[in-house]
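Source file data00.csv; content: CSV, C-alpha atoms and all ligand atoms.
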chain,number,residue,atom,x,y,z
G,1,MET,CA,-27.7,-35.3,2.6
G,2,THR,CA,-24.3,-37.0,2.7
G,3,ASP,CA,-23.8,-40.3,4.3
G,4,THR,CA,-21.9,-38.8,7.2
G,5,ALA,CA,-24.5,-36.1,7.8
G,6,SER,CA,-27.4,-38.7,7.9
G,7,VAL,CA,-25.5,-40.7,10.4
G,8,MET,CA,-24.9,-37.8,12.6
G,9,THR,CA,-28.5,-36.7,12.8
G,10,LYS,CA,-29.7,-40.1,14.0
G,11,SER,CA,-28.9,-41.4,17.5
G,12,PRO,CA,-26.9,-44.5,16.9
G,13,PRO,CA,-28.5,-47.8,17.9
G,14,SER,CA,-26.8,-49.7,20.7
G,15,ALA,CA,-24.0,-52.1,19.7
G,16,ALA,CA,-26.2,-55.1,20.5
G,17,ALA,CA,-29.0,-53.8,18.3
G,18,ARG,CA,-26.9,-53.5,15.2
G,19,GLU,CA,-26.9,-56.2,12.5
G,20,VAL,CA,-24.4,-59.0,12.7
G,21,VAL,CA,-22.2,-58.8,9.6
G,22,LEU,CA,-19.9,-61.7,10.4
G,23,LYS,CA,-20.6,-64.8,12.5
G,24,LEU,CA,-18.2,-67.7,12.9
G,25,THR,CA,-19.4,-70.8,14.6
G,26,GLY,CA,-17.1,-73.6,15.6
G,27,LEU,CA,-14.8,-72.6,12.8
G,28,SER,CA,-11.9,-75.0,12.6
G,29,LYS,CA,-9.0,-75.8,10.2
G,30,ARG,CA,-6.6,-78.7,10.2
G,31,PHE,CA,-3.6,-78.8,8.0
G,32,GLY,CA,-2.3,-82.4,7.9
G,33,THR,CA,-2.1,-83.3,11.5
G,34,LEU,CA,-1.9,-79.8,12.8
G,35,ASP,CA,-5.1,-78.1,14.2
G,36,VAL,CA,-4.5,-74.5,13.3
G,37,VAL,CA,-7.9,-73.0,14.1
G,38,LYS,CA,-10.0,-74.8,16.8
G,39,GLY,CA,-13.7,-74.1,17.1
G,40,VAL,CA,-13.6,-70.3,16.8
G,41,ASN,CA,-16.9,-68.5,17.6
G,42,LEU,CA,-17.1,-64.8,16.9
G,43,GLU,CA,-19.6,-62.1,16.0
G,44,LEU,CA,-19.0,-58.8,14.4
G,45,ARG,CA,-21.6,-56.1,14.2
G,46,ARG,CA,-22.0,-53.0,12.0
G,47,GLY,CA,-20.1,-50.0,13.4
G,48,GLU,CA,-17.5,-52.1,15.2
G,49,VAL,CA,-13.8,-52.1,14.9
G,50,PHE,CA,-12.9,-55.5,15.9
G,51,GLY,CA,-9.3,-56.6,16.7
G,52,PHE,CA,-8.2,-60.2,16.1
G,53,LEU,CA,-5.1,-60.3,18.1
G,54,GLY,CA,-2.6,-63.2,18.5
G,55,PRO,CA,1.0,-64.1,18.3
G,56,ASN,CA,2.7,-65.2,15.0
G,57,GLY,CA,1.2,-68.5,13.8
G,58,ALA,CA,-1.9,-68.3,16.1
G,59,GLY,CA,-4.3,-68.8,13.2
G,60,LYS,CA,-5.4,-65.3,12.3
G,61,SER,CA,-4.7,-65.4,8.5
G,62,THR,CA,-6.1,-68.9,8.3
G,63,THR,CA,-9.3,-67.6,9.8
G,64,VAL,CA,-9.4,-64.7,7.4
G,65,GLY,CA,-8.8,-67.2,4.5
G,66,MET,CA,-11.9,-69.2,5.6
G,67,ILE,CA,-14.0,-66.0,6.0
G,68,LEU,CA,-13.1,-65.1,2.4
G,69,GLY,CA,-13.7,-68.6,1.1
G,70,LEU,CA,-10.0,-69.0,0.1
G,71,ILE,CA,-9.5,-71.8,2.6
G,72,ALA,CA,-12.1,-74.6,3.1
G,73,PRO,CA,-12.9,-75.1,6.8
G,74,THR,CA,-12.5,-78.5,8.3
G,75,ALA,CA,-15.5,-77.9,10.5
G,76,GLY,CA,-17.8,-75.1,11.5
G,77,SER,CA,-19.4,-72.3,9.5
G,78,VAL,CA,-19.0,-68.7,8.3
G,79,GLU,CA,-22.1,-66.4,8.1
G,80,LEU,CA,-21.8,-63.2,6.2
G,81,PHE,CA,-24.5,-60.6,6.3
G,82,GLY,CA,-26.9,-63.1,7.9
G,83,ALA,CA,-26.4,-65.9,5.3
G,84,LYS,CA,-24.5,-69.1,5.8
G,85,GLN,CA,-21.7,-69.4,3.2
G,86,ASN,CA,-21.7,-72.7,1.3
G,87,GLY,CA,-19.6,-72.7,-1.8
G,88,ASN,CA,-20.4,-69.7,-3.9
G,89,ARG,CA,-20.0,-66.6,-1.9
G,90,TRP,CA,-19.6,-63.9,-4.6
G,91,ALA,CA,-22.7,-62.1,-3.4
G,92,ALA,CA,-21.2,-61.7,0.0
G,93,LEU,CA,-17.7,-60.9,-1.2
G,94,ARG,CA,-18.9,-58.0,-3.3
G,95,ARG,CA,-19.8,-56.4,0.1
G,96,ILE,CA,-16.4,-56.9,1.6
G,97,GLY,CA,-13.1,-55.1,1.1
G,98,ALA,CA,-10.0,-57.0,2.1
G,99,ILE,CA,-6.3,-56.5,2.2
G,100,ILE,CA,-4.5,-59.7,2.9
G,101,GLU,CA,-0.9,-58.8,2.0
G,102,GLU,CA,0.7,-55.7,0.5
G,103,PRO,CA,-1.7,-54.6,-2.2
G,104,ALA,CA,-0.5,-55.0,-5.8
G,105,PHE,CA,-0.5,-52.0,-8.1
G,106,TYR,CA,1.3,-50.8,-11.3
G,107,PRO,CA,4.5,-49.0,-10.2
G,108,TYR,CA,4.7,-46.7,-13.2
G,109,LEU,CA,1.1,-45.5,-13.0
G,110,SER,CA,-0.1,-42.9,-10.6
G,111,GLY,CA,-2.2,-43.8,-7.5
G,112,CYS,CA,-5.2,-42.3,-9.3
G,113,ALA,CA,-4.5,-44.2,-12.6
G,114,ASN,CA,-4.2,-47.4,-10.6
G,115,LEU,CA,-7.6,-46.9,-9.1
G,116,GLU,CA,-9.0,-46.1,-12.5
G,117,VAL,CA,-7.7,-49.4,-13.9
G,118,LEU,CA,-9.2,-51.2,-10.9
G,119,SER,CA,-12.5,-49.4,-11.3
G,120,ARG,CA,-12.8,-50.4,-14.9
G,121,SER,CA,-12.3,-54.1,-14.0
G,122,ILE,CA,-14.9,-53.8,-11.2
G,123,GLY,CA,-17.3,-51.8,-13.5
G,124,GLY,CA,-19.9,-49.1,-12.7
G,125,ILE,CA,-17.6,-46.9,-10.6
G,126,GLU,CA,-17.6,-43.2,-11.4
G,127,LYS,CA,-14.6,-40.9,-11.5
G,128,LYS,CA,-16.1,-39.0,-8.6
G,129,LYS,CA,-15.8,-42.1,-6.4
G,130,ILE,CA,-12.1,-42.4,-7.1
G,131,ASN,CA,-11.5,-38.9,-5.9
G,132,GLU,CA,-13.7,-39.5,-2.9
G,133,VAL,CA,-11.8,-42.6,-1.8
G,134,LEU,CA,-8.4,-40.9,-2.4
G,135,ASP,CA,-9.6,-38.0,-0.2
G,136,ARG,CA,-10.7,-40.5,2.4
G,137,VAL,CA,-7.2,-41.9,2.8
G,138,ASN,CA,-5.6,-38.4,2.5
G,139,LEU,CA,-3.9,-39.1,-0.8
G,140,LEU,CA,-5.7,-36.6,-3.0
G,141,ASP,CA,-2.7,-34.2,-3.2
G,142,ARG,CA,-0.4,-37.1,-4.2
G,143,ALA,CA,-2.9,-38.8,-6.5
G,144,ASP,CA,-1.0,-38.0,-9.7
G,145,ASP,CA,2.4,-39.2,-8.3
G,146,GLN,CA,3.7,-42.6,-9.5
G,147,TYR,CA,2.8,-45.4,-7.2
G,148,GLY,CA,6.4,-46.6,-7.3
G,149,HIS,CA,7.5,-43.4,-5.6
G,150,TYR,CA,4.9,-43.7,-2.8
G,151,SER,CA,6.1,-44.4,0.8
G,152,MET,CA,5.1,-47.7,2.4
G,153,GLY,CA,2.4,-45.9,4.3
G,154,MET,CA,1.0,-44.3,1.2
G,155,LYS,CA,1.0,-47.6,-0.6
G,156,GLN,CA,-1.0,-49.2,2.2
G,157,ARG,CA,-3.4,-46.2,2.2
G,158,LEU,CA,-3.9,-46.6,-1.5
G,159,GLY,CA,-4.7,-50.3,-0.8
G,160,ILE,CA,-7.3,-49.2,1.7
G,161,ALA,CA,-8.7,-46.7,-0.9
G,162,SER,CA,-9.0,-49.5,-3.4
G,163,THR,CA,-11.1,-51.5,-1.0
G,164,LEU,CA,-13.4,-48.5,-0.5
G,165,LEU,CA,-14.3,-48.2,-4.2
G,166,ARG,CA,-17.1,-50.7,-3.8
G,167,ASP,CA,-18.3,-49.1,-0.6
G,168,PRO,CA,-17.8,-52.3,1.5
G,169,GLU,CA,-19.9,-53.0,4.5
G,170,LEU,CA,-17.1,-55.1,6.0
G,171,ILE,CA,-13.4,-54.3,5.7
G,172,ILE,CA,-10.9,-57.0,6.6
G,173,LEU,CA,-7.3,-55.9,7.2
G,174,ASP,CA,-4.7,-58.5,7.9
G,175,GLU,CA,-1.7,-56.9,9.6
G,176,PRO,CA,-2.2,-53.5,7.8
G,177,THR,CA,0.9,-51.9,9.4
G,178,ASN,CA,3.3,-54.8,8.8
G,179,GLY,CA,6.6,-53.4,7.4
G,180,LEU,CA,5.6,-49.8,8.0
G,181,ASP,CA,7.9,-47.3,9.7
G,182,PRO,CA,6.4,-45.4,12.8
G,183,ALA,CA,5.1,-42.6,10.6
G,184,GLY,CA,3.4,-45.0,8.2
G,185,THR,CA,2.0,-47.0,11.1
G,186,LYS,CA,0.5,-43.8,12.6
G,187,GLU,CA,-1.1,-42.9,9.3
G,188,ILE,CA,-2.9,-46.2,9.1
G,189,ARG,CA,-3.9,-46.2,12.8
G,190,ASP,CA,-5.4,-42.7,12.4
G,191,LEU,CA,-7.3,-43.8,9.3
G,192,ILE,CA,-8.9,-47.1,10.6
G,193,PRO,CA,-11.3,-45.7,13.2
G,194,THR,CA,-12.6,-43.1,10.6
G,195,LEU,CA,-13.6,-45.9,8.3
G,196,ALA,CA,-15.9,-47.5,10.7
G,197,HIS,CA,-19.4,-46.1,11.1
G,198,GLU,CA,-22.8,-47.5,11.5
G,199,SER,CA,-23.0,-49.2,8.2
G,200,ARG,CA,-19.5,-50.6,8.1
G,201,ALA,CA,-17.5,-53.0,10.3
G,202,ILE,CA,-13.8,-53.6,10.4
G,203,PHE,CA,-12.0,-56.8,11.2
G,204,LEU,CA,-8.4,-56.1,11.9
G,205,CYS,CA,-5.8,-58.9,12.4
G,206,SER,CA,-2.7,-57.9,14.3
G,207,HIS,CA,0.0,-59.3,16.5
G,208,LEU,CA,0.7,-55.7,17.7
G,209,LEU,CA,-1.0,-55.1,21.0
G,210,HIS,CA,-0.7,-51.3,20.9
G,211,GLU,CA,-2.3,-51.2,17.5
G,212,VAL,CA,-5.3,-53.1,18.6
G,213,GLU,CA,-5.5,-51.1,21.8
G,214,LEU,CA,-5.5,-47.8,19.9
G,215,VAL,CA,-7.9,-48.5,17.1
G,216,CYS,CA,-10.3,-51.3,18.2
G,217,ASP,CA,-13.5,-51.3,20.2
G,218,ARG,CA,-13.5,-55.0,20.8
G,219,VAL,CA,-10.8,-57.6,20.7
G,220,ALA,CA,-10.6,-61.3,20.5
G,221,ILE,CA,-7.3,-62.9,21.5
G,222,ILE,CA,-6.4,-66.1,19.7
G,223,LYS,CA,-3.7,-68.4,20.9
G,224,LYS,CA,-2.7,-71.6,19.1
G,225,GLY,CA,-6.0,-71.6,17.2
G,226,THR,CA,-8.3,-71.0,20.2
G,227,VAL,CA,-10.0,-67.8,21.2
G,228,ILE,CA,-9.0,-67.2,24.8
G,229,ALA,CA,-10.7,-63.8,25.4
G,230,ASP,CA,-13.3,-61.8,23.6
G,231,ALA,CA,-14.3,-58.5,25.2
G,232,PRO,CA,-14.4,-54.8,24.7
G,233,VAL,CA,-10.9,-53.3,24.8
G,234,LYS,CA,-11.9,-51.1,27.7
G,235,GLU,CA,-13.1,-54.1,29.7
G,236,LEU,CA,-9.8,-56.0,29.1
G,237,LEU,CA,-7.9,-52.9,30.1
G,238,THR,CA,-9.9,-52.6,33.3
G,239,ARG,CA,-9.4,-56.3,34.0
G,240,ALA,CA,-5.6,-55.7,33.7
G,241,ASN,CA,-5.5,-52.8,36.1
G,242,GLN,CA,-3.6,-53.7,39.2
G,243,ILE,CA,-2.0,-51.5,41.9
G,244,GLN,CA,0.7,-52.5,44.3
G,245,ILE,CA,0.6,-51.3,47.9
G,246,ARG,CA,3.1,-51.4,50.7
G,247,VAL,CA,1.8,-50.9,54.2
G,248,ASP,CA,3.2,-51.7,57.7
G,249,ARG,CA,0.1,-53.8,58.7
G,250,PRO,CA,-0.7,-55.9,55.6
G,251,GLY,CA,-3.1,-58.1,57.6
G,252,LEU,CA,-5.3,-55.2,58.6
G,253,ALA,CA,-5.0,-53.7,55.1
G,254,MET,CA,-6.2,-57.0,53.6
G,255,SER,CA,-9.3,-57.0,55.8
G,256,VAL,CA,-10.0,-53.3,54.8
G,257,LEU,CA,-9.6,-54.2,51.1
G,258,SER,CA,-11.8,-57.3,51.3
G,259,GLU,CA,-14.7,-54.9,52.2
G,260,LEU,CA,-14.3,-53.1,48.8
G,261,THR,CA,-16.7,-54.8,46.4
G,262,TRP,CA,-14.8,-53.3,43.4
G,263,ALA,CA,-11.3,-54.5,44.5
G,264,LYS,CA,-9.6,-57.9,44.7
G,265,ALA,CA,-6.6,-58.0,46.9
G,266,ALA,CA,-3.8,-60.6,47.5
G,267,ILE,CA,-0.6,-60.5,49.5
G,268,LYS,CA,2.4,-61.4,47.5
G,269,ASP,CA,5.6,-63.1,48.6
G,270,ASP,CA,7.6,-59.9,48.5
G,271,GLY,CA,5.2,-58.3,51.1
G,272,TYR,CA,3.4,-56.1,48.6
G,273,ILE,CA,-0.4,-56.3,48.4
G,274,ALA,CA,-1.6,-56.6,44.8
G,275,VAL,CA,-5.1,-55.2,44.2
G,276,ASP,CA,-7.1,-55.6,41.0
G,277,VAL,CA,-9.2,-52.5,40.6
G,278,PRO,CA,-11.0,-50.5,37.9
G,279,ALA,CA,-8.7,-47.9,36.2
G,280,GLY,CA,-7.9,-44.8,38.1
G,281,SER,CA,-8.8,-46.2,41.6
G,282,GLU,CA,-5.6,-45.5,43.4
G,283,ALA,CA,-7.0,-42.5,45.4
G,284,ARG,CA,-10.1,-44.5,46.4
G,285,VAL,CA,-8.0,-47.4,47.7
G,286,ASN,CA,-5.7,-45.0,49.5
G,287,GLN,CA,-8.7,-43.2,51.1
G,288,ALA,CA,-10.2,-46.6,52.3
G,289,LEU,CA,-6.9,-47.5,54.0
G,290,ALA,CA,-6.4,-44.1,55.5
G,291,GLU,CA,-9.9,-44.1,57.0
G,292,LYS,CA,-8.7,-47.1,59.1
G,293,GLY,CA,-5.5,-45.4,60.0
G,294,LEU,CA,-3.4,-47.2,57.5
G,295,TYR,CA,-1.0,-45.2,55.5
G,296,ALA,CA,0.6,-46.7,52.4
G,297,SER,CA,4.3,-46.0,52.1
G,298,GLU,CA,4.1,-46.9,48.5
G,299,ILE,CA,1.3,-47.2,46.0
G,300,THR,CA,2.1,-47.9,42.3
G,301,ASN,CA,0.0,-48.6,39.3
G,302,ARG,CA,1.4,-51.9,37.8
G,303,THR,CA,-0.7,-52.7,34.7
G,304,THR,CA,-2.3,-50.3,32.3
G,305,SER,CA,-1.8,-51.9,28.9
G,306,LEU,CA,-3.4,-54.6,26.9
G,307,GLU,CA,0.0,-56.0,26.6
G,308,GLU,CA,-0.1,-57.3,30.2
G,309,VAL,CA,-3.5,-59.0,29.6
G,310,PHE,CA,-2.2,-60.4,26.4
G,311,LEU,CA,0.9,-61.8,28.0
G,312,GLN,CA,-1.0,-63.1,31.0
G,313,LEU,CA,-3.5,-64.9,28.7
G,314,THR,CA,-1.1,-66.2,26.1
G,315,GLY,CA,1.8,-66.9,28.5
G,316,GLY,CA,3.9,-64.6,26.3
G,317,ALA,CA,4.5,-67.5,24.0
G,318,SER,CA,4.5,-67.5,20.2
G,319,GLY,CA,1.8,-69.6,18.7
G,320,ASP,CA,4.3,-71.5,16.6
Q,401,LIG,N1,-1.3,-74.0,3.8
Q,401,LIG,C1,-0.8,-74.4,5.0
Q,401,LIG,N2,-0.3,-75.6,5.2
Q,401,LIG,C2,0.2,-76.0,6.4
Q,401,LIG,N3,0.2,-75.3,7.5
Q,401,LIG,C3,-0.2,-74.0,7.4
Q,401,LIG,C4,-0.7,-73.5,6.1
Q,401,LIG,N4,-1.1,-72.2,6.3
Q,401,LIG,C5,-0.8,-71.9,7.6
Q,401,LIG,N5,-0.3,-73.0,8.2
Q,401,LIG,C6,0.2,-73.0,9.6
Q,401,LIG,O1,-0.9,-72.6,10.4
Q,401,LIG,C7,-0.5,-71.9,11.5
Q,401,LIG,C8,-1.3,-70.6,11.6
Q,401,LIG,O2,-0.9,-69.8,10.5
Q,401,LIG,P1,-1.5,-68.4,10.3
Q,401,LIG,O3,-0.9,-67.8,9.1
Q,401,LIG,O4,-3.0,-68.5,10.2
Q,401,LIG,O5,-1.1,-67.6,11.6
Q,401,LIG,P2,-1.2,-66.0,11.9
Q,401,LIG,O6,-1.9,-65.9,13.2
Q,401,LIG,O7,-1.8,-65.3,10.7
Q,401,LIG,O8,0.3,-65.6,12.0
Q,401,LIG,P3,1.1,-64.3,11.7
Q,401,LIG,O9,0.9,-63.3,12.8
Q,401,LIG,O10,2.5,-64.7,11.6
Q,401,LIG,O11,0.6,-63.7,10.4
Q,401,LIG,C9,1.0,-71.8,11.4
Q,401,LIG,O12,1.6,-72.7,12.2
Q,401,LIG,C10,1.2,-72.0,10.0
Q,401,LIG,O13,2.5,-72.5,9.8
Q,402,MG,MG,-1.1,-63.8,9.4

Let's see the structure in the file written out as structure tokens.
Ligand SMILES: Nc1ncnc2c1ncn2[C@@H]1O[C@H](COP(=O)(O)OP(=O)(O)OP(=O)(O)O)[C@@H](O)[C@H]1O
Ligand SMILES: [Mg+2]
Amino acid sequence: MTDTASVMTKSPPSAAAREVVLKLTGLSKRFGTLDVVKGVNLELRRGEVFGFLGPNGAGKSTTVGMILGLIAPTAGSVELFGAKQNGNRWAALRRIGAIIEEPAFYPYLSGCANLEVLSRSIGGIEKKKINEVLDRVNLLDRADDQYGHYSMGMKQRLGIASTLLRDPELIILDEPTNGLDPAGTKEIRDLIPTLAHESRAIFLCSHLLHEVELVCDRVAIIKKGTVIADAPVKELLTRANQIQIRVDRPGLAMSVLSELTWAKAAIKDDGYIAVDVPAGSEARVNQALAEKGLYASEITNRTTSLEEVFLQLTGGASGD
């Protein structure tokens, strides 16, 4: 039975029951006098696509550097696959596939030949596996073309294919769509969720809200080295949902809205009532008002994107 088939026949364990593949505890880094990462606590479980979202300079790549043992933490710890990492982490790194910057390949060799070279250096990887990973990233039909002739999106996909050669249990992608045109970005975005399944987790760094919103199950937002939110994407989006209402008797409307356990209302200076509600609640709010003889002259959905939460939480400022 194939891996996918065996996954499909089992009912998946709940997210909380799955093994923690990555755990950061109080992870901190100081460069000179600058505290770049400040006491980051995170957990990533198998099957999750986790977004590490923050403005430029927030400390994402530094955190990844510490996870991979390339940067020594000033304080705190990194646990990979249940084991604390002190010094030698080769055993753990063998189970991780990471792309930190644009992957490096030989331009005059084909995509396939590049993976063959890499396979030889890793050792013990069959030809069959190369075709399998090329197929996985949709490059099989271009496998014999020169790498130098690949589009940026194809180059990035070959990079992801190279991380799959070892069947990693954790894939770390630091800004995988950086420098890609919209088509290339879409290719990578479409690919990412298909890489996650029960036995694999994905840690995706990005400063692009839309990217994280589209592909991640859970997101942590980092600002100036501090994690300021860590929640399922759906939950963050729900938090952000706000509708604006204009009625002729705002006082009465406020008392009606205060009865709704699932809504939080406030009158704004411009006379509108802003109501934080779960997504898609406009009709319910309208109905509650109408039942008390209040008819909204205007009802608009104000916030529906992660961008608003992100801007609210980060103050819209760059981390630099
Ligand atoms: N080796 C270093 N020495 C000194 N400062 C550093 C070093 N590496 C990173 N920094 C600083 O640490 C801060 C965080 O950098 P980092 O690269 O982790 O941010 P990032 O969130 O990955 O940003 P980006 O979205 O631009 O990739 C920045 O202010 C950066 O200038
Ligand atoms: Mg970075």

Report as an mmCIF file with C-alpha atoms, keeping the file's coordinate frame which protein, DNA and RNA residues come within 9 Å of ligand LIG 401 (chain Q), using only C-alpha atoms and all ligand atoms.
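And here's result01.cif as it stands now:
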data_model
loop_
_atom_site.group_PDB
_atom_site.id
_atom_site.type_symbol
_atom_site.label_atom_id
_atom_site.label_comp_id
_atom_site.auth_asym_id
_atom_site.auth_seq_id
_atom_site.Cartn_x
_atom_site.Cartn_y
_atom_site.Cartn_z
ATOM 1 C CA LYS G 29 -9.000 -75.800 10.200
ATOM 2 C CA ARG G 30 -6.600 -78.700 10.200
ATOM 3 C CA PHE G 31 -3.600 -78.800 8.000
ATOM 4 C CA GLY G 32 -2.300 -82.400 7.900
ATOM 5 C CA LEU G 34 -1.900 -79.800 12.800
ATOM 6 C CA ASP G 35 -5.100 -78.100 14.200
ATOM 7 C CA VAL G 36 -4.500 -74.500 13.300
ATOM 8 C CA VAL G 37 -7.900 -73.000 14.100
ATOM 9 C CA PHE G 52 -8.200 -60.200 16.100
ATOM 10 C CA LEU G 53 -5.100 -60.300 18.100
ATOM 11 C CA GLY G 54 -2.600 -63.200 18.500
ATOM 12 C CA PRO G 55 1.000 -64.100 18.300
ATOM 13 C CA ASN G 56 2.700 -65.200 15.000
ATOM 14 C CA GLY G 57 1.200 -68.500 13.800
ATOM 15 C CA ALA G 58 -1.900 -68.300 16.100
ATOM 16 C CA GLY G 59 -4.300 -68.800 13.200
ATOM 17 C CA LYS G 60 -5.400 -65.300 12.300
ATOM 18 C CA SER G 61 -4.700 -65.400 8.500
ATOM 19 C CA THR G 62 -6.100 -68.900 8.300
ATOM 20 C CA THR G 63 -9.300 -67.600 9.800
ATOM 21 C CA VAL G 64 -9.400 -64.700 7.400
ATOM 22 C CA GLY G 65 -8.800 -67.200 4.500
ATOM 23 C CA ILE G 71 -9.500 -71.800 2.600
ATOM 24 C CA ASP G 174 -4.700 -58.500 7.900
ATOM 25 C CA GLU G 175 -1.700 -56.900 9.600
ATOM 26 C CA CYS G 205 -5.800 -58.900 12.400
ATOM 27 C CA SER G 206 -2.700 -57.900 14.300
ATOM 28 C CA HIS G 207 0.000 -59.300 16.500
ATOM 29 C CA ILE G 222 -6.400 -66.100 19.700
ATOM 30 C CA LYS G 223 -3.700 -68.400 20.900
ATOM 31 C CA LYS G 224 -2.700 -71.600 19.100
ATOM 32 C CA GLY G 225 -6.000 -71.600 17.200
ATOM 33 C CA GLY G 319 1.800 -69.600 18.700
ATOM 34 C CA ASP G 320 4.300 -71.500 16.600
#

- Query: So what do you get for CA of Ile160 in chain G versus CA of Val137 in chain G, distance-wise?
  - Reply: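 Between CA of Ile160 in chain G and CA of Val137 in chain G the gap is 7.4 Å.
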
- Given all atoms listed in the file as the counted atoms, nearest of G:Lys129, G:Leu109, G:Glu213, G:Ala72 to Gln146 in chain G: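 Nearest candidate to Gln146 in chain G out of G:Lys129, G:Leu109, G:Glu213, G:Ala72: G:Leu109.
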
- Message: Quick check, in Å to one decimal: how far apart do CA of Thr25 in chain G and CA of Pro168 in chain G lie?
- Response: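 Straight-line distance from CA of Thr25 in chain G to CA of Pro168 in chain G works out to 22.7 Å.
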
- Task: Name all residues at most 8 Å from Arg157 in chain G (count all atoms listed in the file; drop same-chain ones fewer than 3 positions away) and give them as a VMD selection string.
- Result: chain G and resid 137 139 153 to 154 160 to 161 188

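For the pair CA of Pro103 in chain G and CA of Gly159 in chain G, the interatomic distance is 5.4 Å.
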
Pop range 124-171 of chain G out of the structure in the block and write C-alpha atoms as a PDB file, in the first residue's frame.
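The result, stored in out.pdb:
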ATOM      1  CA  GLY G 124      21.390   5.369  -0.599  1.00  0.00           C
ATOM      2  CA  ILE G 125      18.793   7.118  -2.748  1.00  0.00           C
ATOM      3  CA  GLU G 126      17.284   5.142  -5.635  1.00  0.00           C
ATOM      4  CA  LYS G 127      16.591   6.531  -9.115  1.00  0.00           C
ATOM      5  CA  LYS G 128      12.918   5.758  -8.506  1.00  0.00           C
ATOM      6  CA  LYS G 129      12.917   8.249  -5.659  1.00  0.00           C
ATOM      7  CA  ILE G 130      14.219  11.019  -7.940  1.00  0.00           C
ATOM      8  CA  ASN G 131      11.344  10.535 -10.361  1.00  0.00           C
ATOM      9  CA  GLU G 132       8.923  10.380  -7.469  1.00  0.00           C
ATOM     10  CA  VAL G 133      10.018  13.746  -6.016  1.00  0.00           C
ATOM     11  CA  LEU G 134      10.091  15.371  -9.468  1.00  0.00           C
ATOM     12  CA  ASP G 135       6.560  14.162  -9.997  1.00  0.00           C
ATOM     13  CA  ARG G 136       5.579  15.456  -6.579  1.00  0.00           C
ATOM     14  CA  VAL G 137       6.538  19.016  -7.519  1.00  0.00           C
ATOM     15  CA  ASN G 138       5.122  18.680 -11.048  1.00  0.00           C
ATOM     16  CA  LEU G 139       8.469  18.815 -12.825  1.00  0.00           C
ATOM     17  CA  LEU G 140       8.601  15.353 -14.329  1.00  0.00           C
ATOM     18  CA  ASP G 141       7.859  16.602 -17.860  1.00  0.00           C
ATOM     19  CA  ARG G 142      10.638  19.217 -17.590  1.00  0.00           C
ATOM     20  CA  ALA G 143      13.087  16.975 -15.733  1.00  0.00           C
ATOM     21  CA  ASP G 144      15.528  16.749 -18.662  1.00  0.00           C
ATOM     22  CA  ASP G 145      15.634  20.492 -19.338  1.00  0.00           C
ATOM     23  CA  GLN G 146      18.642  22.492 -18.188  1.00  0.00           C
ATOM     24  CA  TYR G 147      18.254  23.990 -14.745  1.00  0.00           C
ATOM     25  CA  GLY G 148      19.529  27.331 -16.105  1.00  0.00           C
ATOM     26  CA  HIS G 149      16.499  27.501 -18.392  1.00  0.00           C
ATOM     27  CA  TYR G 150      13.999  26.927 -15.587  1.00  0.00           C
ATOM     28  CA  SER G 151      11.667  29.727 -14.493  1.00  0.00           C
ATOM     29  CA  MET G 152      12.071  31.003 -10.926  1.00  0.00           C
ATOM     30  CA  GLY G 153       9.030  28.994  -9.861  1.00  0.00           C
ATOM     31  CA  MET G 154      10.480  25.814 -11.366  1.00  0.00           C
ATOM     32  CA  LYS G 155      13.826  26.476  -9.660  1.00  0.00           C
ATOM     33  CA  GLN G 156      12.101  26.830  -6.351  1.00  0.00           C
ATOM     34  CA  ARG G 157      10.081  23.656  -6.966  1.00  0.00           C
ATOM     35  CA  LEU G 158      13.268  21.755  -7.779  1.00  0.00           C
ATOM     36  CA  GLY G 159      14.623  23.046  -4.470  1.00  0.00           C
ATOM     37  CA  ILE G 160      11.604  21.628  -2.689  1.00  0.00           C
ATOM     38  CA  ALA G 161      12.032  18.348  -4.616  1.00  0.00           C
ATOM     39  CA  SER G 162      15.627  18.188  -3.377  1.00  0.00           C
ATOM     40  CA  THR G 163      14.459  18.467   0.238  1.00  0.00           C
ATOM     41  CA  LEU G 164      12.039  15.567  -0.367  1.00  0.00           C
ATOM     42  CA  LEU G 165      14.778  13.130  -1.431  1.00  0.00           C
ATOM     43  CA  ARG G 166      15.389  12.204   2.186  1.00  0.00           C
ATOM     44  CA  ASP G 167      11.683  11.944   3.026  1.00  0.00           C
ATOM     45  CA  PRO G 168      11.898  14.649   5.670  1.00  0.00           C
ATOM     46  CA  GLU G 169       9.491  14.670   8.590  1.00  0.00           C
ATOM     47  CA  LEU G 170       9.877  18.424   8.976  1.00  0.00           C
ATOM     48  CA  ILE G 171      10.208  20.839   6.068  1.00  0.00           C
TER      49      ILE G 171
END
